[in-house]
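Structure below is my_file_16.cif: mmCIF, C-alpha atoms and all ligand atoms.
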data_upload
#
loop_
_atom_site.label_atom_id
_atom_site.label_comp_id
_atom_site.auth_asym_id
_atom_site.auth_seq_id
_atom_site.Cartn_x
_atom_site.Cartn_y
_atom_site.Cartn_z
CA MET A 1 -19.51 -14.81 26.86
CA LYS A 2 -19.51 -12.68 23.73
CA VAL A 3 -18.84 -14.54 20.49
CA ALA A 4 -18.34 -12.29 17.46
CA LEU A 5 -18.39 -13.80 13.96
CA ASN A 6 -16.26 -11.90 11.46
CA HIS A 7 -17.18 -13.09 7.97
CA LYS A 8 -14.65 -10.78 6.28
CA SER A 9 -15.17 -10.54 2.48
CA ASN A 10 -16.92 -13.89 2.11
CA PHE A 11 -20.29 -15.15 0.83
CA THR A 12 -22.52 -14.25 -2.09
CA LYS A 13 -26.10 -13.16 -1.41
CA ASP A 14 -27.42 -16.72 -1.86
CA GLU A 15 -24.73 -18.10 0.42
CA ILE A 16 -25.45 -15.64 3.23
CA LEU A 17 -29.19 -16.35 2.95
CA LYS A 18 -28.48 -20.09 3.31
CA TYR A 19 -26.14 -19.34 6.24
CA LEU A 20 -28.84 -17.28 7.97
CA GLU A 21 -31.36 -20.09 7.47
CA ASP A 22 -28.97 -22.68 8.96
CA TYR A 23 -27.95 -20.25 11.72
CA LYS A 24 -31.46 -20.57 13.17
CA SER A 25 -30.59 -24.11 14.31
CA LEU A 26 -27.32 -23.13 15.99
CA ASN A 27 -27.33 -23.75 19.75
CA THR A 28 -25.67 -20.60 21.09
CA TYR A 29 -26.33 -21.49 24.75
CA ASN A 30 -26.37 -18.20 26.69
CA HIS A 31 -23.62 -16.52 24.73
CA GLU A 32 -24.11 -13.10 23.23
CA MET A 33 -23.57 -13.73 19.54
CA ILE A 34 -22.56 -10.82 17.28
CA LEU A 35 -22.77 -11.41 13.55
CA ILE A 36 -20.35 -9.39 11.40
CA PRO A 37 -21.11 -9.99 7.71
CA SER A 38 -19.96 -8.00 4.70
CA VAL A 39 -21.58 -4.59 5.07
CA CYS A 40 -23.80 -5.04 1.98
CA TYR A 41 -25.62 -7.90 3.73
CA LEU A 42 -26.50 -5.98 6.90
CA PRO A 43 -30.08 -5.34 5.66
CA LEU A 44 -30.57 -9.12 5.35
CA ILE A 45 -29.89 -9.83 9.02
CA PRO A 46 -33.07 -10.51 11.02
CA ASP A 47 -33.82 -8.20 13.95
CA ASN A 48 -33.41 -10.97 16.52
CA ILE A 49 -29.67 -11.23 15.72
CA THR A 50 -27.23 -8.63 17.08
CA TYR A 51 -24.96 -7.45 14.31
CA ALA A 52 -21.92 -5.34 13.64
CA SER A 53 -20.17 -3.74 10.74
CA GLU A 54 -16.67 -4.91 9.77
CA ASP A 55 -15.60 -1.31 9.31
CA VAL A 56 -16.86 2.27 9.04
CA SER A 57 -15.64 5.22 7.02
CA SER A 58 -13.35 7.74 8.68
CA LYS A 59 -15.51 10.41 6.98
CA THR A 60 -18.87 11.94 7.78
CA MET A 61 -21.68 11.83 5.20
CA GLY A 62 -20.90 13.74 2.02
CA ALA A 63 -18.93 13.57 -1.21
CA TYR A 64 -16.78 10.48 -0.53
CA THR A 65 -17.61 8.05 -3.33
CA GLY A 66 -17.56 4.45 -2.16
CA GLU A 67 -17.31 5.14 1.58
CA VAL A 68 -19.88 3.68 3.98
CA THR A 69 -20.44 6.01 6.90
CA ALA A 70 -21.03 5.11 10.53
CA LYS A 71 -24.30 7.06 10.33
CA ALA A 72 -25.52 4.89 7.41
CA ILE A 73 -24.49 1.71 9.23
CA LYS A 74 -26.25 2.80 12.41
CA SER A 75 -29.39 3.47 10.36
CA LEU A 76 -29.29 -0.18 9.19
CA GLY A 77 -29.61 -1.30 12.80
CA ALA A 78 -26.04 -2.34 13.62
CA THR A 79 -25.09 -2.24 17.30
CA TYR A 80 -21.31 -2.56 17.00
CA THR A 81 -18.50 -1.98 14.52
CA LEU A 82 -14.99 -3.40 14.33
CA ILE A 83 -12.30 -0.72 14.41
CA ASN A 84 -8.61 -1.09 13.60
CA HIS A 85 -8.83 -4.73 12.42
CA SER A 86 -5.33 -5.75 11.33
CA GLU A 87 -6.54 -6.57 7.83
CA ARG A 88 -7.38 -2.86 7.48
CA THR A 89 -4.03 -1.77 8.87
CA THR A 90 -1.72 -4.34 7.23
CA LYS A 91 -3.52 -5.09 3.94
CA MET A 92 -5.29 -1.78 3.26
CA ASN A 93 -2.48 0.36 4.72
CA GLU A 94 -4.64 2.27 7.18
CA ASN A 95 -2.66 3.77 10.04
CA LEU A 96 -3.65 4.51 13.63
CA ASP A 97 -4.72 8.05 12.70
CA VAL A 98 -7.29 6.66 10.25
CA SER A 99 -8.46 4.13 12.85
CA LYS A 100 -8.79 6.95 15.37
CA GLN A 101 -11.00 8.93 12.99
CA LYS A 102 -13.12 5.82 12.46
CA LEU A 103 -13.37 5.35 16.22
CA GLU A 104 -14.61 8.91 16.58
CA GLN A 105 -17.17 8.33 13.81
CA ALA A 106 -18.41 5.21 15.59
CA PHE A 107 -18.78 7.01 18.91
CA SER A 108 -20.52 10.02 17.43
CA ASN A 109 -23.06 7.75 15.69
CA ASP A 110 -23.80 5.51 18.68
CA LEU A 111 -22.09 2.42 17.34
CA ILE A 112 -20.22 0.50 20.03
CA PRO A 113 -16.66 0.00 18.77
CA ILE A 114 -14.94 -3.35 19.07
CA ILE A 115 -11.38 -2.05 19.04
CA CYS A 116 -8.99 -4.63 17.61
CA ILE A 117 -5.45 -4.39 18.84
CA GLY A 118 -2.50 -6.67 18.23
CA ASP A 119 1.22 -7.27 17.93
CA THR A 120 3.43 -8.54 15.13
CA LEU A 121 5.43 -11.75 15.51
CA GLU A 122 8.58 -9.66 15.75
CA GLU A 123 7.17 -7.56 18.61
CA HIS A 124 5.92 -10.71 20.27
CA LYS A 125 9.32 -12.43 20.08
CA ARG A 126 11.08 -9.29 21.30
CA GLY A 127 8.85 -9.38 24.38
CA THR A 128 7.76 -5.75 24.01
CA TYR A 129 4.22 -6.53 22.94
CA VAL A 130 2.33 -5.60 26.11
CA GLU A 131 3.85 -2.10 26.11
CA LYS A 132 3.28 -1.71 22.36
CA ILE A 133 -0.38 -2.69 22.62
CA LYS A 134 -0.91 -0.26 25.52
CA LYS A 135 0.80 2.51 23.54
CA ASP A 136 -1.46 1.92 20.50
CA MET A 137 -4.58 1.75 22.69
CA ASP A 138 -3.65 4.96 24.50
CA TYR A 139 -3.11 6.68 21.17
CA LEU A 140 -6.47 5.51 19.81
CA LEU A 141 -8.22 6.60 23.00
CA SER A 142 -6.44 9.93 23.49
CA ASP A 143 -9.00 12.77 23.84
CA ILE A 144 -11.80 10.20 24.10
CA ASP A 145 -14.02 9.98 27.15
CA LYS A 146 -12.97 6.64 28.71
CA SER A 147 -16.41 6.13 30.23
CA LYS A 148 -17.79 5.52 26.73
CA ASP A 149 -18.91 2.00 25.90
CA PHE A 150 -16.43 -0.07 23.91
CA ILE A 151 -15.05 -3.59 23.70
CA ILE A 152 -11.43 -4.55 23.10
CA ALA A 153 -10.36 -7.53 20.98
CA TYR A 154 -6.78 -8.70 21.46
CA GLU A 155 -5.79 -10.14 18.09
CA PRO A 156 -2.11 -11.02 17.65
CA ILE A 157 -1.52 -10.13 13.99
CA PHE A 158 0.51 -13.29 13.37
CA ALA A 159 -2.35 -15.44 14.71
CA ILE A 160 -5.02 -14.23 12.31
CA GLY A 161 -5.88 -16.93 9.79
CA THR A 162 -2.55 -18.71 10.35
CA GLY A 163 -3.30 -21.46 12.87
CA ILE A 164 -0.57 -20.01 15.14
CA VAL A 165 -1.84 -19.18 18.62
CA PRO A 166 0.32 -17.69 21.40
CA THR A 167 0.50 -19.53 24.73
CA ASN A 168 -2.22 -18.86 27.28
CA ASP A 169 0.40 -17.15 29.49
CA ASP A 170 1.30 -14.74 26.68
CA ILE A 171 -2.35 -13.98 25.88
CA GLU A 172 -3.07 -13.45 29.56
CA LYS A 173 -0.32 -10.83 29.90
CA VAL A 174 -2.20 -8.74 27.35
CA THR A 175 -5.77 -9.45 28.48
CA THR A 176 -4.85 -8.68 32.09
CA MET A 177 -3.18 -5.39 31.14
CA LEU A 178 -6.21 -4.45 28.99
CA LYS A 179 -8.67 -5.28 31.78
CA GLU A 180 -6.73 -3.48 34.49
CA THR A 181 -6.12 -0.39 32.36
CA TYR A 182 -9.39 0.13 30.48
CA HIS A 183 -11.98 -1.79 32.56
CA LYS A 184 -13.86 -3.04 29.49
CA LYS A 185 -14.86 -6.41 28.09
CA VAL A 186 -11.91 -8.12 26.38
CA LEU A 187 -12.15 -10.68 23.57
CA TYR A 188 -9.45 -12.87 22.09
CA GLY A 189 -9.20 -13.40 18.32
CA GLY A 190 -6.72 -15.16 16.05
CA SER A 191 -7.09 -18.79 14.92
CA ALA A 192 -9.46 -19.65 17.77
CA ASN A 193 -11.33 -22.77 16.73
CA GLU A 194 -13.08 -25.94 17.87
CA ASN A 195 -9.73 -27.70 18.39
CA ASN A 196 -8.10 -25.15 20.71
CA ILE A 197 -11.10 -23.69 22.58
CA ASP A 198 -10.71 -26.11 25.51
CA GLU A 199 -7.27 -24.58 26.09
CA LEU A 200 -8.15 -20.99 25.19
CA LYS A 201 -11.14 -20.80 27.48
CA GLN A 202 -8.73 -21.19 30.43
CA VAL A 203 -7.20 -17.76 29.70
CA LYS A 204 -7.95 -15.34 32.52
CA ASN A 205 -9.49 -11.93 31.94
CA ILE A 206 -11.29 -12.89 28.79
CA ASP A 207 -14.97 -12.18 28.05
CA GLY A 208 -15.32 -13.86 24.69
CA PHE A 209 -13.89 -14.51 21.25
CA LEU A 210 -13.68 -12.85 17.85
CA LEU A 211 -13.81 -15.63 15.26
CA GLY A 212 -12.89 -15.41 11.58
CA GLY A 213 -12.42 -18.62 9.58
CA ILE A 214 -14.49 -20.85 11.85
CA SER A 215 -17.44 -18.44 11.73
CA LEU A 216 -18.05 -19.41 8.09
CA LYS A 217 -18.65 -23.08 8.86
CA LEU A 218 -21.59 -23.58 11.19
CA SER A 219 -20.77 -27.22 12.06
CA SER A 220 -17.33 -26.17 13.36
CA LEU A 221 -18.85 -23.17 15.09
CA GLN A 222 -21.38 -25.45 16.82
CA GLU A 223 -18.55 -27.66 18.07
CA PHE A 224 -16.74 -24.55 19.33
CA LEU A 225 -19.85 -23.35 21.20
CA ASP A 226 -20.49 -26.82 22.66
CA LYS A 227 -16.99 -26.81 24.14
CA LEU A 228 -17.14 -23.17 25.28
CA GLN A 229 -20.38 -23.47 27.24
P1 LIG B 301 -9.31 -16.01 12.29
O1 LIG B 301 -9.69 -14.46 12.17
O2 LIG B 301 -10.21 -16.59 13.36
O3 LIG B 301 -9.60 -16.59 10.93
O4 LIG B 301 -7.88 -16.10 12.67
C1 LIG B 301 -9.95 -13.68 13.30
C2 LIG B 301 -10.18 -12.25 12.89
O5 LIG B 301 -9.66 -11.83 11.85
O6 LIG B 301 -10.89 -11.51 13.57
#
Any chance you could give the structure as structure tokens?
Amino acid sequence: MKVALNHKSNFTKDEILKYLEDYKSLNTYNHEMILIPSVCYLPLIPDNITYASEDVSSKTMGAYTGEVTAKAIKSLGATYTLINHSERTTKMNENLDVSKQKLEQAFSNDLIPIICIGDTLEEHKRGTYVEKIKKDMDYLLSDIDKSKDFIIAYEPIFAIGTGIVPTNDDIEKVTTMLKETYHKKVLYGGSANENNIDELKQVKNIDGFLLGGISLKLSSLQEFLDKLQ
């Protein structure tokens, strides 16, 4: 399975160096681990670890003070980048058009996008979430060659960092639609942890997990991996 570790805006330089040292002792079994640290730490990641960026700019290289381009990130050796993470859309007010531009930047610079897609609690309760997620995905992928390499991460927005996880049946409705429609690897993300992985790993049509909070604590992550194997 793929296990992606989204550090978000955490860790100082000393803390990430300690993390990387301790990470060497992690038993990852045969899982494909993808480390996603703050972008400034990408040059610290050893070559034997596959890594991703948490985000890329929607702009090409040029006069955009403060932006970090997909081309720059690719040149640092990243393989993947997250796109459309709900913390970009809900907390930084980026809309689907911005995410689409970022997706295009990723593709044109040979970064494999991990496209995050999710529903709000309201949409979930209304029961319209599968259609809404398909609509957003279709919008993001319009005019894009579907044979391109990408991964999809289903992340219910209300599950991220909250401890609330939808039922396996509800998750499966989305992962099955995503698999049958786009024929790509599908991850689940949103409060997945060492206490619910026994249950979550029963979800059908799932190829791995995108982990936030638990990725910061290697002892919990080890427990998660022990149960996932
Ligand atoms: P969480 O975050 O595991 O802390 O809920 C997941 C994510 O934001 O990708």
(message) Please return as a PyMOL selection string the residues found within 7 Å of ligand LIG 301 (chain B), counting only C-alpha atoms and all ligand atoms.
(response) chain A and resi 6+155+159-162+189-192+210-214
(request) Tell me which protein, DNA and RNA residues are within 12 Å of A:Thr60, counting only C-alpha atoms, leaving out same-chain ones fewer than 5 positions away, and put them as a PyMOL selection string. (result) chain A and resi 65+67-73+101-102+104-106+108-109
(message) Can you pull out the residues contacting A:Leu82? Cut-off 7 Å, using all atoms listed in the file, and skip same-chain residues under 6 positions away; I want them as a list of chain:residue names.
(response)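 Residues near the query, excluding close chain neighbours: A:Ser53, A:Glu54, A:Asp55, A:Pro113, A:Ile114, A:Ile115, A:Cys116.
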(request) Name all residues at most 10 Å from A:Thr79 (count all atoms listed in the file; drop same-chain ones fewer than 2 positions away) and give them as a PyMOL selection string. (result) chain A and resi 34+50-53+73-77+81+110-113
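Atom CA of A:Leu221 lies 8.5 Å from atom CA of A:Leu26.
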(request) Give as number ranges by chain the set of residues within 12 Å of the point (-28.8, -10.9, 7.3), where distances use the file's coordinates and all atoms listed in the file. (result) A: 7, 11-24, 34-53, 76-78
(request) Provide the atom CA of A:Ser219 to atom CA of A:Ile83 distance in Å, to one decimal place. (result)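 Result for atom CA of A:Ser219 versus atom CA of A:Ile83: 27.9 Å, one decimal.
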(message) Under the rule that all atoms listed in the file are counted, which of A:Lys8, A:Gly127, A:Tyr182, A:Met1 is the nearest residue to A:Ile206?
(response)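 Among the listed residues, A:Met1 lies closest to A:Ile206.
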Since the input lacks some atoms of stretch 64-88 of chain A, please model N, CA, C and O atoms and print them as a PDB file, in the frame of the given file.
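Resulting contents of result01.pdb:
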ATOM      1  N   TYR A  64     -17.885  11.442  -0.688  1.00  0.00           N
ATOM      2  CA  TYR A  64     -16.780  10.480  -0.530  1.00  0.00           C
ATOM      3  C   TYR A  64     -17.194   9.189  -1.219  1.00  0.00           C
ATOM      4  O   TYR A  64     -17.608   8.218  -0.570  1.00  0.00           O
ATOM      5  N   THR A  65     -17.117   9.176  -2.533  1.00  0.00           N
ATOM      6  CA  THR A  65     -17.610   8.050  -3.330  1.00  0.00           C
ATOM      7  C   THR A  65     -17.065   6.714  -2.823  1.00  0.00           C
ATOM      8  O   THR A  65     -15.848   6.573  -2.653  1.00  0.00           O
ATOM      9  N   GLY A  66     -17.966   5.802  -2.561  1.00  0.00           N
ATOM     10  CA  GLY A  66     -17.560   4.450  -2.160  1.00  0.00           C
ATOM     11  C   GLY A  66     -17.451   4.246  -0.662  1.00  0.00           C
ATOM     12  O   GLY A  66     -17.372   3.105  -0.207  1.00  0.00           O
ATOM     13  N   GLU A  67     -17.431   5.303   0.122  1.00  0.00           N
ATOM     14  CA  GLU A  67     -17.310   5.140   1.580  1.00  0.00           C
ATOM     15  C   GLU A  67     -18.662   4.780   2.191  1.00  0.00           C
ATOM     16  O   GLU A  67     -19.710   5.210   1.698  1.00  0.00           O
ATOM     17  N   VAL A  68     -18.644   4.006   3.256  1.00  0.00           N
ATOM     18  CA  VAL A  68     -19.880   3.680   3.980  1.00  0.00           C
ATOM     19  C   VAL A  68     -19.760   4.281   5.376  1.00  0.00           C
ATOM     20  O   VAL A  68     -18.903   3.871   6.175  1.00  0.00           O
ATOM     21  N   THR A  69     -20.594   5.256   5.653  1.00  0.00           N
ATOM     22  CA  THR A  69     -20.440   6.010   6.900  1.00  0.00           C
ATOM     23  C   THR A  69     -21.017   5.277   8.104  1.00  0.00           C
ATOM     24  O   THR A  69     -21.914   4.438   7.984  1.00  0.00           O
ATOM     25  N   ALA A  70     -20.518   5.666   9.275  1.00  0.00           N
ATOM     26  CA  ALA A  70     -21.030   5.110  10.530  1.00  0.00           C
ATOM     27  C   ALA A  70     -22.519   5.458  10.681  1.00  0.00           C
ATOM     28  O   ALA A  70     -23.308   4.648  11.179  1.00  0.00           O
ATOM     29  N   LYS A  71     -22.892   6.639  10.213  1.00  0.00           N
ATOM     30  CA  LYS A  71     -24.300   7.060  10.330  1.00  0.00           C
ATOM     31  C   LYS A  71     -25.199   6.133   9.493  1.00  0.00           C
ATOM     32  O   LYS A  71     -26.278   5.717   9.945  1.00  0.00           O
ATOM     33  N   ALA A  72     -24.744   5.792   8.275  1.00  0.00           N
ATOM     34  CA  ALA A  72     -25.520   4.890   7.410  1.00  0.00           C
ATOM     35  C   ALA A  72     -25.619   3.500   8.059  1.00  0.00           C
ATOM     36  O   ALA A  72     -26.687   2.872   8.077  1.00  0.00           O
ATOM     37  N   ILE A  73     -24.500   3.040   8.617  1.00  0.00           N
ATOM     38  CA  ILE A  73     -24.490   1.710   9.230  1.00  0.00           C
ATOM     39  C   ILE A  73     -25.403   1.666  10.453  1.00  0.00           C
ATOM     40  O   ILE A  73     -26.156   0.717  10.653  1.00  0.00           O
ATOM     41  N   LYS A  74     -25.353   2.726  11.241  1.00  0.00           N
ATOM     42  CA  LYS A  74     -26.250   2.800  12.410  1.00  0.00           C
ATOM     43  C   LYS A  74     -27.713   2.750  11.940  1.00  0.00           C
ATOM     44  O   LYS A  74     -28.560   2.083  12.541  1.00  0.00           O
ATOM     45  N   SER A  75     -27.998   3.429  10.844  1.00  0.00           N
ATOM     46  CA  SER A  75     -29.390   3.470  10.360  1.00  0.00           C
ATOM     47  C   SER A  75     -29.865   2.107   9.864  1.00  0.00           C
ATOM     48  O   SER A  75     -31.060   1.872   9.726  1.00  0.00           O
ATOM     49  N   LEU A  76     -28.921   1.190   9.594  1.00  0.00           N
ATOM     50  CA  LEU A  76     -29.290  -0.180   9.190  1.00  0.00           C
ATOM     51  C   LEU A  76     -29.543  -1.071  10.405  1.00  0.00           C
ATOM     52  O   LEU A  76     -29.882  -2.245  10.253  1.00  0.00           O
ATOM     53  N   GLY A  77     -29.303  -0.534  11.593  1.00  0.00           N
ATOM     54  CA  GLY A  77     -29.610  -1.300  12.800  1.00  0.00           C
ATOM     55  C   GLY A  77     -28.419  -1.999  13.442  1.00  0.00           C
ATOM     56  O   GLY A  77     -28.597  -2.805  14.362  1.00  0.00           O
ATOM     57  N   ALA A  78     -27.206  -1.711  12.991  1.00  0.00           N
ATOM     58  CA  ALA A  78     -26.040  -2.340  13.620  1.00  0.00           C
ATOM     59  C   ALA A  78     -25.841  -1.791  15.031  1.00  0.00           C
ATOM     60  O   ALA A  78     -26.137  -0.619  15.298  1.00  0.00           O
ATOM     61  N   THR A  79     -25.362  -2.645  15.920  1.00  0.00           N
ATOM     62  CA  THR A  79     -25.090  -2.240  17.300  1.00  0.00           C
ATOM     63  C   THR A  79     -23.610  -1.891  17.467  1.00  0.00           C
ATOM     64  O   THR A  79     -23.251  -0.963  18.181  1.00  0.00           O
ATOM     65  N   TYR A  80     -22.759  -2.680  16.820  1.00  0.00           N
ATOM     66  CA  TYR A  80     -21.310  -2.560  17.000  1.00  0.00           C
ATOM     67  C   TYR A  80     -20.612  -2.324  15.647  1.00  0.00           C
ATOM     68  O   TYR A  80     -21.198  -2.557  14.587  1.00  0.00           O
ATOM     69  N   THR A  81     -19.364  -1.930  15.714  1.00  0.00           N
ATOM     70  CA  THR A  81     -18.500  -1.980  14.520  1.00  0.00           C
ATOM     71  C   THR A  81     -17.080  -2.357  14.940  1.00  0.00           C
ATOM     72  O   THR A  81     -16.611  -1.943  16.007  1.00  0.00           O
ATOM     73  N   LEU A  82     -16.424  -3.161  14.110  1.00  0.00           N
ATOM     74  CA  LEU A  82     -14.990  -3.400  14.330  1.00  0.00           C
ATOM     75  C   LEU A  82     -14.253  -2.103  13.989  1.00  0.00           C
ATOM     76  O   LEU A  82     -14.669  -1.370  13.091  1.00  0.00           O
ATOM     77  N   ILE A  83     -13.185  -1.857  14.695  1.00  0.00           N
ATOM     78  CA  ILE A  83     -12.300  -0.720  14.410  1.00  0.00           C
ATOM     79  C   ILE A  83     -10.872  -1.215  14.492  1.00  0.00           C
ATOM     80  O   ILE A  83     -10.532  -1.970  15.412  1.00  0.00           O
ATOM     81  N   ASN A  84     -10.039  -0.796  13.550  1.00  0.00           N
ATOM     82  CA  ASN A  84      -8.610  -1.090  13.600  1.00  0.00           C
ATOM     83  C   ASN A  84      -8.299  -2.591  13.423  1.00  0.00           C
ATOM     84  O   ASN A  84      -7.302  -3.083  13.945  1.00  0.00           O
ATOM     85  N   HIS A  85      -9.156  -3.314  12.684  1.00  0.00           N
ATOM     86  CA  HIS A  85      -8.830  -4.730  12.420  1.00  0.00           C
ATOM     87  C   HIS A  85      -7.512  -4.763  11.647  1.00  0.00           C
ATOM     88  O   HIS A  85      -7.268  -3.930  10.768  1.00  0.00           O
ATOM     89  N   SER A  86      -6.674  -5.748  11.939  1.00  0.00           N
ATOM     90  CA  SER A  86      -5.330  -5.750  11.330  1.00  0.00           C
ATOM     91  C   SER A  86      -5.368  -5.947   9.826  1.00  0.00           C
ATOM     92  O   SER A  86      -4.407  -5.601   9.132  1.00  0.00           O
ATOM     93  N   GLU A  87      -6.470  -6.487   9.299  1.00  0.00           N
ATOM     94  CA  GLU A  87      -6.540  -6.570   7.830  1.00  0.00           C
ATOM     95  C   GLU A  87      -6.762  -5.188   7.208  1.00  0.00           C
ATOM     96  O   GLU A  87      -6.431  -4.970   6.040  1.00  0.00           O
ATOM     97  N   ARG A  88      -7.307  -4.258   7.954  1.00  0.00           N
ATOM     98  CA  ARG A  88      -7.380  -2.860   7.480  1.00  0.00           C
ATOM     99  C   ARG A  88      -5.997  -2.213   7.577  1.00  0.00           C
ATOM    100  O   ARG A  88      -5.577  -1.482   6.692  1.00  0.00           O
TER     101      ARG A  88
END
